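File shown: my_file22.pdb (PDB, C-alpha atoms).
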ATOM      1  CA  MET A1073     -25.282 -14.529  21.986  1.00  0.00           C
ATOM      2  CA  SER A1074     -26.040 -15.766  18.484  1.00  0.00           C
ATOM      3  CA  GLU A1075     -28.190 -13.457  16.440  1.00  0.00           C
ATOM      4  CA  ARG A1076     -29.346 -14.397  12.988  1.00  0.00           C
ATOM      5  CA  LEU A1077     -30.956 -12.413  10.232  1.00  0.00           C
ATOM      6  CA  GLY A1078     -34.360 -13.839   9.372  1.00  0.00           C
ATOM      7  CA  ASN A1079     -35.905 -13.049   6.010  1.00  0.00           C
ATOM      8  CA  ARG A1080     -39.027 -13.503   3.905  1.00  0.00           C
ATOM      9  CA  LEU A1081     -37.150 -13.284   0.647  1.00  0.00           C
ATOM     10  CA  LYS A1082     -38.223 -16.623  -0.775  1.00  0.00           C
ATOM     11  CA  GLU A1083     -41.819 -16.184   0.326  1.00  0.00           C
ATOM     12  CA  ARG A1084     -42.145 -12.775  -1.344  1.00  0.00           C
ATOM     13  CA  ARG A1085     -40.137 -13.755  -4.416  1.00  0.00           C
ATOM     14  CA  THR A1086     -42.322 -16.765  -5.164  1.00  0.00           C
ATOM     15  CA  GLU A1087     -45.408 -14.653  -4.476  1.00  0.00           C
ATOM     16  CA  LEU A1088     -44.291 -12.338  -7.282  1.00  0.00           C
ATOM     17  CA  GLY A1089     -43.390 -15.318  -9.499  1.00  0.00           C
ATOM     18  CA  LEU A1090     -39.713 -14.396  -9.717  1.00  0.00           C
ATOM     19  CA  THR A1091     -36.827 -16.832  -9.930  1.00  0.00           C
ATOM     20  CA  GLN A1092     -33.598 -16.253  -8.020  1.00  0.00           C
ATOM     21  CA  GLY A1093     -31.925 -15.379 -11.320  1.00  0.00           C
ATOM     22  CA  GLN A1094     -34.539 -12.762 -12.176  1.00  0.00           C
ATOM     23  CA  LEU A1095     -34.292 -11.172  -8.732  1.00  0.00           C
ATOM     24  CA  ALA A1096     -30.497 -11.217  -9.026  1.00  0.00           C
ATOM     25  CA  ASP A1097     -30.762  -9.393 -12.353  1.00  0.00           C
ATOM     26  CA  LEU A1098     -33.034  -6.770 -10.814  1.00  0.00           C
ATOM     27  CA  CYS A1099     -30.547  -6.110  -7.993  1.00  0.00           C
ATOM     28  CA  LEU A1100     -27.392  -6.481 -10.126  1.00  0.00           C
ATOM     29  CA  VAL A1101     -25.925  -9.270  -8.023  1.00  0.00           C
ATOM     30  CA  SER A1102     -25.186 -12.923  -8.751  1.00  0.00           C
ATOM     31  CA  ARG A1103     -27.796 -15.640  -8.256  1.00  0.00           C
ATOM     32  CA  LYS A1104     -25.574 -17.203  -5.644  1.00  0.00           C
ATOM     33  CA  THR A1105     -25.791 -14.021  -3.596  1.00  0.00           C
ATOM     34  CA  ILE A1106     -29.597 -14.210  -3.633  1.00  0.00           C
ATOM     35  CA  ASN A1107     -29.440 -17.914  -2.757  1.00  0.00           C
ATOM     36  CA  THR A1108     -27.084 -17.371   0.190  1.00  0.00           C
ATOM     37  CA  VAL A1109     -29.134 -14.427   1.518  1.00  0.00           C
ATOM     38  CA  GLU A1110     -32.327 -16.514   1.295  1.00  0.00           C
ATOM     39  CA  ASN A1111     -30.670 -19.359   3.187  1.00  0.00           C
ATOM     40  CA  GLY A1112     -29.293 -17.054   5.871  1.00  0.00           C
ATOM     41  CA  ILE A1113     -25.675 -17.820   4.940  1.00  0.00           C
ATOM     42  CA  PHE A1114     -24.801 -14.325   3.784  1.00  0.00           C
ATOM     43  CA  VAL A1115     -25.921 -11.171   5.599  1.00  0.00           C
ATOM     44  CA  PRO A1116     -26.520  -8.431   3.032  1.00  0.00           C
ATOM     45  CA  SER A1117     -25.393  -4.829   3.434  1.00  0.00           C
ATOM     46  CA  THR A1118     -27.957  -2.086   4.034  1.00  0.00           C
ATOM     47  CA  LEU A1119     -27.617  -1.115   0.391  1.00  0.00           C
ATOM     48  CA  LEU A1120     -28.437  -4.595  -0.877  1.00  0.00           C
ATOM     49  CA  ALA A1121     -31.231  -4.997   1.659  1.00  0.00           C
ATOM     50  CA  LEU A1122     -32.796  -1.778   0.376  1.00  0.00           C
ATOM     51  CA  LYS A1123     -32.384  -2.908  -3.243  1.00  0.00           C
ATOM     52  CA  LEU A1124     -34.016  -6.263  -2.459  1.00  0.00           C
ATOM     53  CA  ALA A1125     -36.882  -4.572  -0.642  1.00  0.00           C
ATOM     54  CA  ALA A1126     -37.416  -2.194  -3.554  1.00  0.00           C
ATOM     55  CA  ALA A1127     -37.314  -5.018  -6.112  1.00  0.00           C
ATOM     56  CA  LEU A1128     -39.812  -7.038  -4.080  1.00  0.00           C
ATOM     57  CA  GLN A1129     -41.972  -3.961  -3.375  1.00  0.00           C
ATOM     58  CA  VAL A1130     -41.949  -4.313   0.401  1.00  0.00           C
ATOM     59  CA  THR A1131     -40.225  -2.531   3.282  1.00  0.00           C
ATOM     60  CA  VAL A1132     -36.852  -3.655   4.600  1.00  0.00           C
ATOM     61  CA  GLU A1133     -38.368  -4.220   8.058  1.00  0.00           C
ATOM     62  CA  TRP A1134     -40.901  -6.623   6.589  1.00  0.00           C
ATOM     63  CA  LEU A1135     -38.278  -8.450   4.587  1.00  0.00           C
ATOM     64  CA  PHE A1136     -35.592  -8.773   7.295  1.00  0.00           C
ATOM     65  CA  TRP A1137     -35.608  -9.096  11.057  1.00  0.00           C
ATOM     66  CA  ILE A1138     -33.245 -10.199  13.800  1.00  0.00           C
ATOM     67  CA  GLU A1139     -33.762 -13.707  15.153  1.00  0.00           C
ATOM     68  CA  ASP A1140     -32.377 -14.700  18.535  1.00  0.00           C
TER      69      ASP A1140
ATOM     70  CA  MET B 599     -38.176 -22.251 -38.681  1.00  0.00           C
ATOM     71  CA  SER B 600     -36.223 -21.141 -35.684  1.00  0.00           C
ATOM     72  CA  TYR B 601     -32.502 -20.826 -35.343  1.00  0.00           C
ATOM     73  CA  ARG B 602     -30.611 -21.310 -32.150  1.00  0.00           C
ATOM     74  CA  GLU B 603     -28.456 -18.325 -31.346  1.00  0.00           C
ATOM     75  CA  ARG B 604     -24.814 -19.082 -32.000  1.00  0.00           C
ATOM     76  CA  ARG B 605     -22.754 -19.070 -28.824  1.00  0.00           C
ATOM     77  CA  ARG B 606     -20.052 -16.417 -28.845  1.00  0.00           C
ATOM     78  CA  PHE B 607     -16.928 -17.897 -27.351  1.00  0.00           C
ATOM     79  CA  ASP B 608     -15.146 -14.557 -27.208  1.00  0.00           C
ATOM     80  CA  ALA B 609     -17.938 -12.863 -25.263  1.00  0.00           C
ATOM     81  CA  VAL B 610     -17.057 -12.283 -21.625  1.00  0.00           C
ATOM     82  CA  ASP B 611     -19.802 -11.739 -19.106  1.00  0.00           C
ATOM     83  CA  ALA B 612     -20.218 -11.990 -15.340  1.00  0.00           C
ATOM     84  CA  GLU B 613     -21.099 -15.683 -15.526  1.00  0.00           C
ATOM     85  CA  SER B 614     -18.061 -16.611 -17.581  1.00  0.00           C
ATOM     86  CA  VAL B 615     -15.816 -14.676 -15.156  1.00  0.00           C
ATOM     87  CA  GLN B 616     -17.308 -16.581 -12.224  1.00  0.00           C
ATOM     88  CA  ARG B 617     -16.889 -19.865 -14.102  1.00  0.00           C
ATOM     89  CA  SER B 618     -13.230 -19.155 -14.907  1.00  0.00           C
ATOM     90  CA  ARG B 619     -12.530 -18.199 -11.300  1.00  0.00           C
ATOM     91  CA  ARG B 620     -14.012 -21.473 -10.091  1.00  0.00           C
ATOM     92  CA  MET B 621     -12.089 -23.462 -12.685  1.00  0.00           C
ATOM     93  CA  LEU B 622      -8.771 -21.699 -12.093  1.00  0.00           C
ATOM     94  CA  VAL B 623      -8.864 -22.558  -8.408  1.00  0.00           C
ATOM     95  CA  TRP B 624      -8.380 -26.225  -9.263  1.00  0.00           C
ATOM     96  CA  LEU B 625      -5.530 -25.484 -11.645  1.00  0.00           C
ATOM     97  CA  THR B 626      -3.516 -23.491  -9.113  1.00  0.00           C
ATOM     98  CA  PRO B 627      -1.734 -26.436  -7.425  1.00  0.00           C
ATOM     99  CA  LEU B 628      -0.696 -27.778 -10.835  1.00  0.00           C
ATOM    100  CA  ILE B 629       0.635 -24.401 -11.902  1.00  0.00           C
ATOM    101  CA  VAL B 630       2.578 -24.018  -8.664  1.00  0.00           C
ATOM    102  CA  LEU B 631       4.033 -27.513  -9.003  1.00  0.00           C
ATOM    103  CA  GLN B 632       5.033 -27.079 -12.627  1.00  0.00           C
ATOM    104  CA  GLN B 633       6.617 -23.691 -11.968  1.00  0.00           C
ATOM    105  CA  GLY B 634       8.596 -25.198  -9.097  1.00  0.00           C
ATOM    106  CA  PHE B 635      10.202 -27.754 -11.408  1.00  0.00           C
ATOM    107  CA  VAL B 636      11.246 -25.044 -13.845  1.00  0.00           C
ATOM    108  CA  ILE B 637      12.502 -22.525 -11.273  1.00  0.00           C
ATOM    109  CA  PHE B 638      14.553 -25.017  -9.358  1.00  0.00           C
ATOM    110  CA  GLY B 639      15.816 -26.828 -12.430  1.00  0.00           C
ATOM    111  CA  ARG B 640      19.568 -27.075 -13.056  1.00  0.00           C
ATOM    112  CA  ASP B 641      19.612 -25.134 -16.310  1.00  0.00           C
ATOM    113  CA  ARG B 642      20.280 -21.402 -15.765  1.00  0.00           C
ATOM    114  CA  SER B 643      18.263 -20.061 -18.730  1.00  0.00           C
ATOM    115  CA  SER B 644      15.240 -22.163 -17.898  1.00  0.00           C
ATOM    116  CA  GLN B 645      15.514 -20.843 -14.332  1.00  0.00           C
ATOM    117  CA  ILE B 646      15.272 -17.256 -15.603  1.00  0.00           C
ATOM    118  CA  VAL B 647      12.337 -18.054 -17.897  1.00  0.00           C
ATOM    119  CA  GLY B 648      10.683 -20.015 -15.098  1.00  0.00           C
ATOM    120  CA  THR B 649      11.101 -17.187 -12.609  1.00  0.00           C
ATOM    121  CA  ILE B 650       9.594 -14.634 -14.981  1.00  0.00           C
ATOM    122  CA  ALA B 651       6.718 -16.994 -15.830  1.00  0.00           C
ATOM    123  CA  TRP B 652       6.149 -17.775 -12.160  1.00  0.00           C
ATOM    124  CA  SER B 653       5.983 -14.068 -11.237  1.00  0.00           C
ATOM    125  CA  CYS B 654       3.542 -13.363 -14.084  1.00  0.00           C
ATOM    126  CA  ILE B 655       1.300 -16.313 -13.248  1.00  0.00           C
ATOM    127  CA  SER B 656       1.285 -15.564  -9.504  1.00  0.00           C
ATOM    128  CA  LEU B 657       0.383 -11.926 -10.144  1.00  0.00           C
ATOM    129  CA  SER B 658      -2.335 -12.922 -12.655  1.00  0.00           C
ATOM    130  CA  LEU B 659      -3.881 -15.359 -10.196  1.00  0.00           C
ATOM    131  CA  LEU B 660      -3.851 -12.739  -7.485  1.00  0.00           C
ATOM    132  CA  TRP B 661      -5.429 -10.287  -9.877  1.00  0.00           C
ATOM    133  CA  ILE B 662      -8.172 -12.653 -11.037  1.00  0.00           C
ATOM    134  CA  PHE B 663      -9.141 -13.817  -7.588  1.00  0.00           C
ATOM    135  CA  LEU B 664      -8.571 -10.887  -5.326  1.00  0.00           C
ATOM    136  CA  GLY B 665     -10.313  -8.884  -7.846  1.00  0.00           C
ATOM    137  CA  LEU B 666      -9.850  -5.815  -9.839  1.00  0.00           C
ATOM    138  CA  PRO B 667     -12.689  -3.947 -11.485  1.00  0.00           C
ATOM    139  CA  MET B 668     -12.440  -5.883 -14.811  1.00  0.00           C
ATOM    140  CA  ARG B 669     -13.189  -2.848 -16.899  1.00  0.00           C
ATOM    141  CA  TRP B 670     -13.525  -4.831 -20.139  1.00  0.00           C
ATOM    142  CA  LEU B 671     -16.914  -6.061 -18.904  1.00  0.00           C
ATOM    143  CA  SER B 672     -20.093  -4.057 -19.231  1.00  0.00           C
ATOM    144  CA  GLU B 673     -21.059  -2.050 -16.119  1.00  0.00           C
ATOM    145  CA  ARG B 674     -23.817  -4.551 -15.389  1.00  0.00           C
ATOM    146  CA  ASP B 675     -21.461  -7.530 -15.604  1.00  0.00           C
ATOM    147  CA  GLN B 676     -18.843  -5.723 -13.523  1.00  0.00           C
ATOM    148  CA  ALA B 677     -21.425  -5.156 -10.799  1.00  0.00           C
ATOM    149  CA  ILE B 678     -22.501  -8.817 -10.839  1.00  0.00           C
ATOM    150  CA  ALA B 679     -18.993 -10.296 -11.019  1.00  0.00           C
ATOM    151  CA  ASN B 680     -17.850  -8.063  -8.152  1.00  0.00           C
ATOM    152  CA  ASP B 681     -21.002  -8.001  -6.070  1.00  0.00           C
ATOM    153  CA  GLU B 682     -20.749  -7.671  -2.298  1.00  0.00           C
ATOM    154  CA  ARG B 683     -20.799 -11.404  -1.594  1.00  0.00           C
ATOM    155  CA  SER B 684     -18.025 -11.951  -4.093  1.00  0.00           C
ATOM    156  CA  ARG B 685     -15.997  -9.140  -2.453  1.00  0.00           C
ATOM    157  CA  MET B 686     -16.616 -10.674   0.971  1.00  0.00           C
ATOM    158  CA  VAL B 687     -15.404 -14.090  -0.240  1.00  0.00           C
ATOM    159  CA  ARG B 688     -12.284 -12.568  -1.774  1.00  0.00           C
ATOM    160  CA  GLY B 689     -11.625 -10.529   1.359  1.00  0.00           C
ATOM    161  CA  GLU B 690     -11.805 -13.596   3.553  1.00  0.00           C
ATOM    162  CA  ALA B 691      -9.617 -15.591   1.158  1.00  0.00           C
ATOM    163  CA  ALA B 692      -7.064 -12.749   1.304  1.00  0.00           C
ATOM    164  CA  CYS B 693      -7.142 -12.797   5.127  1.00  0.00           C
ATOM    165  CA  TRP B 694      -6.377 -16.518   5.108  1.00  0.00           C
ATOM    166  CA  GLY B 695      -3.550 -15.897   2.648  1.00  0.00           C
ATOM    167  CA  ILE B 696      -2.030 -13.258   4.937  1.00  0.00           C
ATOM    168  CA  ALA B 697      -2.374 -15.587   7.930  1.00  0.00           C
ATOM    169  CA  ALA B 698      -0.633 -18.360   5.949  1.00  0.00           C
ATOM    170  CA  LEU B 699       2.149 -15.937   5.005  1.00  0.00           C
ATOM    171  CA  ILE B 700       2.746 -15.089   8.668  1.00  0.00           C
ATOM    172  CA  ILE B 701       2.634 -18.717   9.821  1.00  0.00           C
ATOM    173  CA  ILE B 702       4.929 -19.991   7.050  1.00  0.00           C
ATOM    174  CA  GLY B 703       7.274 -17.016   7.586  1.00  0.00           C
ATOM    175  CA  SER B 704       7.433 -17.670  11.334  1.00  0.00           C
ATOM    176  CA  GLY B 705       8.026 -21.374  10.697  1.00  0.00           C
ATOM    177  CA  MET B 706      10.913 -20.544   8.406  1.00  0.00           C
ATOM    178  CA  MET B 707      12.422 -18.085  10.865  1.00  0.00           C
ATOM    179  CA  VAL B 708      12.458 -20.870  13.416  1.00  0.00           C
ATOM    180  CA  ALA B 709      13.665 -23.445  10.878  1.00  0.00           C
ATOM    181  CA  ARG B 710      16.686 -21.328   9.870  1.00  0.00           C
ATOM    182  CA  LEU B 711      18.102 -21.813  13.352  1.00  0.00           C
ATOM    183  CA  TRP B 712      18.707 -25.440  12.422  1.00  0.00           C
ATOM    184  CA  ALA B 713      18.990 -25.449   8.660  1.00  0.00           C
ATOM    185  CA  GLU B 714      20.417 -23.099   6.071  1.00  0.00           C
ATOM    186  CA  LEU B 715      17.607 -21.847   3.852  1.00  0.00           C
ATOM    187  CA  ASN B 716      17.966 -20.834   0.234  1.00  0.00           C
ATOM    188  CA  ALA B 717      16.343 -17.437  -0.583  1.00  0.00           C
ATOM    189  CA  GLY B 718      14.638 -18.817  -3.701  1.00  0.00           C
ATOM    190  CA  ILE B 719      12.996 -21.642  -1.826  1.00  0.00           C
ATOM    191  CA  VAL B 720      11.905 -19.302   0.972  1.00  0.00           C
ATOM    192  CA  ILE B 721      10.246 -16.869  -1.439  1.00  0.00           C
ATOM    193  CA  TYR B 722       8.688 -19.726  -3.397  1.00  0.00           C
ATOM    194  CA  ALA B 723       7.285 -21.338  -0.252  1.00  0.00           C
ATOM    195  CA  LEU B 724       6.009 -18.058   1.180  1.00  0.00           C
ATOM    196  CA  VAL B 725       4.262 -16.820  -1.959  1.00  0.00           C
ATOM    197  CA  ASN B 726       2.860 -20.166  -3.063  1.00  0.00           C
ATOM    198  CA  GLY B 727       1.899 -21.229   0.436  1.00  0.00           C
ATOM    199  CA  ALA B 728      -0.121 -18.047   0.867  1.00  0.00           C
ATOM    200  CA  LEU B 729      -1.565 -18.375  -2.630  1.00  0.00           C
ATOM    201  CA  LEU B 730      -2.632 -21.994  -2.120  1.00  0.00           C
ATOM    202  CA  VAL B 731      -4.225 -21.329   1.255  1.00  0.00           C
ATOM    203  CA  SER B 732      -5.999 -18.313  -0.160  1.00  0.00           C
ATOM    204  CA  MET B 733      -7.235 -20.283  -3.187  1.00  0.00           C
ATOM    205  CA  GLY B 734      -8.337 -23.152  -0.969  1.00  0.00           C
ATOM    206  CA  ARG B 735     -10.407 -20.833   1.179  1.00  0.00           C
ATOM    207  CA  TYR B 736     -11.801 -19.143  -1.925  1.00  0.00           C
ATOM    208  CA  ALA B 737     -12.791 -22.512  -3.404  1.00  0.00           C
ATOM    209  CA  TRP B 738     -14.412 -23.572  -0.146  1.00  0.00           C
ATOM    210  CA  LEU B 739     -16.486 -20.410   0.224  1.00  0.00           C
ATOM    211  CA  ASN B 740     -17.411 -20.489  -3.440  1.00  0.00           C
ATOM    212  CA  ARG B 741     -18.120 -24.198  -3.601  1.00  0.00           C
ATOM    213  CA  ALA B 742     -20.789 -25.726  -5.846  1.00  0.00           C
ATOM    214  CA  GLU B 743     -23.181 -23.410  -7.574  1.00  0.00           C
ATOM    215  CA  PRO B 744     -26.505 -23.948  -5.775  1.00  0.00           C
ATOM    216  CA  GLU B 745     -29.493 -25.008  -7.800  1.00  0.00           C
ATOM    217  CA  GLU B 746     -32.301 -22.551  -8.334  1.00  0.00           C
ATOM    218  CA  ASP B 747     -34.262 -22.328  -5.067  1.00  0.00           C
ATOM    219  CA  GLU B 748     -32.061 -24.916  -3.390  1.00  0.00           C
TER     220      GLU B 748
END
Give the structure from the file, written as structure tokens.
Amino acid sequence: MSERLGNRLKERRTELGLTQGQLADLCLVSRKTINTVENGIFVPSTLLALKLAAALQVTVEWLFWIED
Amino acid sequence: MSYRERRRFDAVDAESVQRSRRMLVWLTPLIVLQQGFVIFGRDRSSQIVGTIAWSCISLSLLWIFLGLPMRWLSERDQAIANDERSRMVRGEAACWGIAALIIIGSGMMVARLWAELNAGIVIYALVNGALLVSMGRYAWLNRAEPEEDE
């Protein structure tokens, strides 16, 4: 079974006109972290997921979901 | 008229820490090699100096990569330099280092059945083998800074 975490990070970020660097600054993480989360390489912790959702003004459930 | 802000070379921030970590990875094999020449040299005094230098450098590398809080940075830079992805990368690099330590150690235990091993060489091989594997894994997981939106 290979589950993957899908996300709408890039979609929402560009909607708000934010760069990866700006979003990283808002969440106090590195830009690489944002980049790897967006590309599905790194699965964020609940804490970071909540921070991202808050920074992008959406719910965590909207931002992340499990893909089969 | 506008003036460009002068770059402060003594200022340390999260980005410069990340840059130094990436750069140091590539210097590690050279450091290990150079230290080996000094430690195993014929001259007794240079052996002592080399051993002390080797211990200091190995501990510093471990400290820089496997990460301590870096309290000289601002809280914001500390959080960025040690964010959860960075901790994950360091954790995995450490796991590989431990695995290398066990494999090299086991190999040497087997090897001593056939050959007499010198304690200095054993310690050198164990520590540096683990360090190099760990650094290699760290470099691989931390490879090339991705472009914005790449």
Do a neighbour search on stretch 1100-1115 of chain A at 9 Å with all atoms listed in the file, toss out local chain neighbours closer than 3 positions, and write the hits as a PDB file with C-alpha atoms, keeping the file's coordinate frame.
ATOM      1  CA  ARG A1076     -29.346 -14.397  12.988  1.00  0.00           C
ATOM      2  CA  LEU A1077     -30.956 -12.413  10.232  1.00  0.00           C
ATOM      3  CA  GLY A1078     -34.360 -13.839   9.372  1.00  0.00           C
ATOM      4  CA  ASN A1079     -35.905 -13.049   6.010  1.00  0.00           C
ATOM      5  CA  ARG A1080     -39.027 -13.503   3.905  1.00  0.00           C
ATOM      6  CA  LEU A1081     -37.150 -13.284   0.647  1.00  0.00           C
ATOM      7  CA  LYS A1082     -38.223 -16.623  -0.775  1.00  0.00           C
ATOM      8  CA  GLN A1092     -33.598 -16.253  -8.020  1.00  0.00           C
ATOM      9  CA  GLY A1093     -31.925 -15.379 -11.320  1.00  0.00           C
ATOM     10  CA  GLN A1094     -34.539 -12.762 -12.176  1.00  0.00           C
ATOM     11  CA  LEU A1095     -34.292 -11.172  -8.732  1.00  0.00           C
ATOM     12  CA  ALA A1096     -30.497 -11.217  -9.026  1.00  0.00           C
ATOM     13  CA  ASP A1097     -30.762  -9.393 -12.353  1.00  0.00           C
ATOM     14  CA  LEU A1120     -28.437  -4.595  -0.877  1.00  0.00           C
TER      15      LEU A1120
ATOM     16  CA  ALA B 612     -20.218 -11.990 -15.340  1.00  0.00           C
ATOM     17  CA  GLU B 613     -21.099 -15.683 -15.526  1.00  0.00           C
ATOM     18  CA  ARG B 674     -23.817  -4.551 -15.389  1.00  0.00           C
ATOM     19  CA  ASP B 675     -21.461  -7.530 -15.604  1.00  0.00           C
ATOM     20  CA  ALA B 677     -21.425  -5.156 -10.799  1.00  0.00           C
ATOM     21  CA  ILE B 678     -22.501  -8.817 -10.839  1.00  0.00           C
ATOM     22  CA  ALA B 679     -18.993 -10.296 -11.019  1.00  0.00           C
ATOM     23  CA  ASN B 680     -17.850  -8.063  -8.152  1.00  0.00           C
ATOM     24  CA  ASP B 681     -21.002  -8.001  -6.070  1.00  0.00           C
ATOM     25  CA  GLU B 682     -20.749  -7.671  -2.298  1.00  0.00           C
ATOM     26  CA  ARG B 683     -20.799 -11.404  -1.594  1.00  0.00           C
ATOM     27  CA  SER B 684     -18.025 -11.951  -4.093  1.00  0.00           C
ATOM     28  CA  GLU B 743     -23.181 -23.410  -7.574  1.00  0.00           C
ATOM     29  CA  PRO B 744     -26.505 -23.948  -5.775  1.00  0.00           C
ATOM     30  CA  GLU B 745     -29.493 -25.008  -7.800  1.00  0.00           C
ATOM     31  CA  GLU B 746     -32.301 -22.551  -8.334  1.00  0.00           C
ATOM     32  CA  ASP B 747     -34.262 -22.328  -5.067  1.00  0.00           C
ATOM     33  CA  GLU B 748     -32.061 -24.916  -3.390  1.00  0.00           C
TER      34      GLU B 748
END
If you measure from atom CA of B:Thr649 to atom CA of B:Ser618, what distance in Å do you get, rounded to one decimal?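 For atom CA of B:Thr649 relative to atom CA of B:Ser618, the distance reads 24.5 Å.
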Could you jot down the atom CA of A:Glu1139 to atom CA of A:Thr1118 separation for me, Å, one decimal place?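 These two atoms are separated by 17.1 Å.
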Pick from A:Arg1084, A:Ser1074, A:Leu1098, A:Leu1090 nearest to A:Ala1127, counting all atoms listed in the file: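 When distances to A:Ala1127 are compared using all atoms listed in the file, the smallest one comes from A:Leu1098.
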So which one's closest to chain A, B:Cys654, B:Pro627, B:Arg685, B:Glu714? Using all atoms listed in the file, please.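 Nearest candidate to chain A out of B:Cys654, B:Pro627, B:Arg685, B:Glu714: B:Arg685.
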Kindly extract all protein, DNA and RNA residues lying within 8 Å of the coordinates (-3.6, -18.6, 2.8) given in the file, considering only C-alpha atoms, and supply them as a list in words.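 Looking at atoms near the point gives Ala691, Ala692, Cys693, Trp694, Gly695, Ile696, Ala697, Ala698, Leu699, Gly727, Ala728, Leu729, Leu730, Val731, Ser732, Met733, Gly734 and Arg735 of chain B.
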When the PyMOL selection byres ((chain B and resi 623) around 8) is applied to the file above, which residues end up in the set, as a list in words?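 Applied to this file, the PyMOL selection byres ((chain B and resi 623) around 8) returns Arg619, Arg620, Met621, Leu622, Trp624, Leu625, Thr626, Met733, Gly734, Tyr736 and Ala737 of chain B.
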Report the residues retrieved by the PyMOL selection byres ((chain B and resi 650-652) around 9) from the displayed file, expressed as a PyMOL selection string. chain B and resi 629-630+633-634+637+645-649+653-657
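Going from atom CA of A:Thr1091 to atom CA of A:Leu1128 covers 11.8 Å.
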Using the chain letters and numbers from the file, which residues does the PyMOL selection byres ((chain A and resi 1121) around 10) grab, as a PyMOL selection string? chain A and resi 1099+1109+1115-1120+1122-1127+1131-1133+1135-1136
Have a look at B:Gln632, B:Asn716, B:Asn726, B:Ser672 and name the one nearest to chain A; count all atoms listed in the file.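 Smallest distance to chain A is found for B:Ser672.
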Let me make sure I understand: among A:Gln1129, A:Leu1088, A:Glu1083, A:Glu1075, which one has the smallest atom-to-atom distance to chain B if we use only C-alpha atoms? A:Glu1083
Can you complete the atoms of stretch 1097-1112 of chain A to N, CA and C atoms and list them as a CSV table (one decimal), keeping the file's coordinate frame?
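Generated output (rebuild-v5.csv):
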chain,number,residue,atom,x,y,z
A,1097,ASP,N,-30.9,-10.4,-11.3
A,1097,ASP,CA,-30.8,-9.4,-12.4
A,1097,ASP,C,-31.3,-8.0,-12.0
A,1098,LEU,N,-32.4,-8.0,-11.2
A,1098,LEU,CA,-33.0,-6.8,-10.8
A,1098,LEU,C,-32.1,-6.0,-9.8
A,1099,CYS,N,-31.4,-6.8,-9.0
A,1099,CYS,CA,-30.5,-6.1,-8.0
A,1099,CYS,C,-29.1,-6.0,-8.4
A,1100,LEU,N,-28.8,-6.5,-9.6
A,1100,LEU,CA,-27.4,-6.5,-10.1
A,1100,LEU,C,-26.4,-7.2,-9.2
A,1101,VAL,N,-26.8,-8.4,-8.8
A,1101,VAL,CA,-25.9,-9.3,-8.0
A,1101,VAL,C,-26.0,-10.7,-8.7
A,1102,SER,N,-25.1,-11.6,-8.2
A,1102,SER,CA,-25.2,-12.9,-8.8
A,1102,SER,C,-26.3,-13.7,-8.1
A,1103,ARG,N,-26.7,-14.8,-8.8
A,1103,ARG,CA,-27.8,-15.6,-8.3
A,1103,ARG,C,-27.4,-16.3,-6.9
A,1104,LYS,N,-26.1,-16.6,-6.9
A,1104,LYS,CA,-25.6,-17.2,-5.6
A,1104,LYS,C,-25.8,-16.3,-4.4
A,1105,THR,N,-25.6,-15.0,-4.7
A,1105,THR,CA,-25.8,-14.0,-3.6
A,1105,THR,C,-27.2,-14.1,-3.1
A,1106,ILE,N,-28.2,-14.1,-4.0
A,1106,ILE,CA,-29.6,-14.2,-3.6
A,1106,ILE,C,-29.8,-15.5,-2.9
A,1107,ASN,N,-29.3,-16.6,-3.4
A,1107,ASN,CA,-29.4,-17.9,-2.8
A,1107,ASN,C,-28.9,-17.9,-1.3
A,1108,THR,N,-27.7,-17.3,-1.1
A,1108,THR,CA,-27.1,-17.4,0.2
A,1108,THR,C,-27.8,-16.4,1.2
A,1109,VAL,N,-28.4,-15.3,0.6
A,1109,VAL,CA,-29.1,-14.4,1.5
A,1109,VAL,C,-30.4,-15.2,2.0
A,1110,GLU,N,-31.1,-15.8,1.0
A,1110,GLU,CA,-32.3,-16.5,1.3
A,1110,GLU,C,-32.1,-17.6,2.4
A,1111,ASN,N,-31.0,-18.3,2.2
A,1111,ASN,CA,-30.7,-19.4,3.2
A,1111,ASN,C,-30.0,-18.9,4.5
A,1112,GLY,N,-29.9,-17.6,4.6
A,1112,GLY,CA,-29.3,-17.1,5.9
A,1112,GLY,C,-27.8,-17.3,6.0
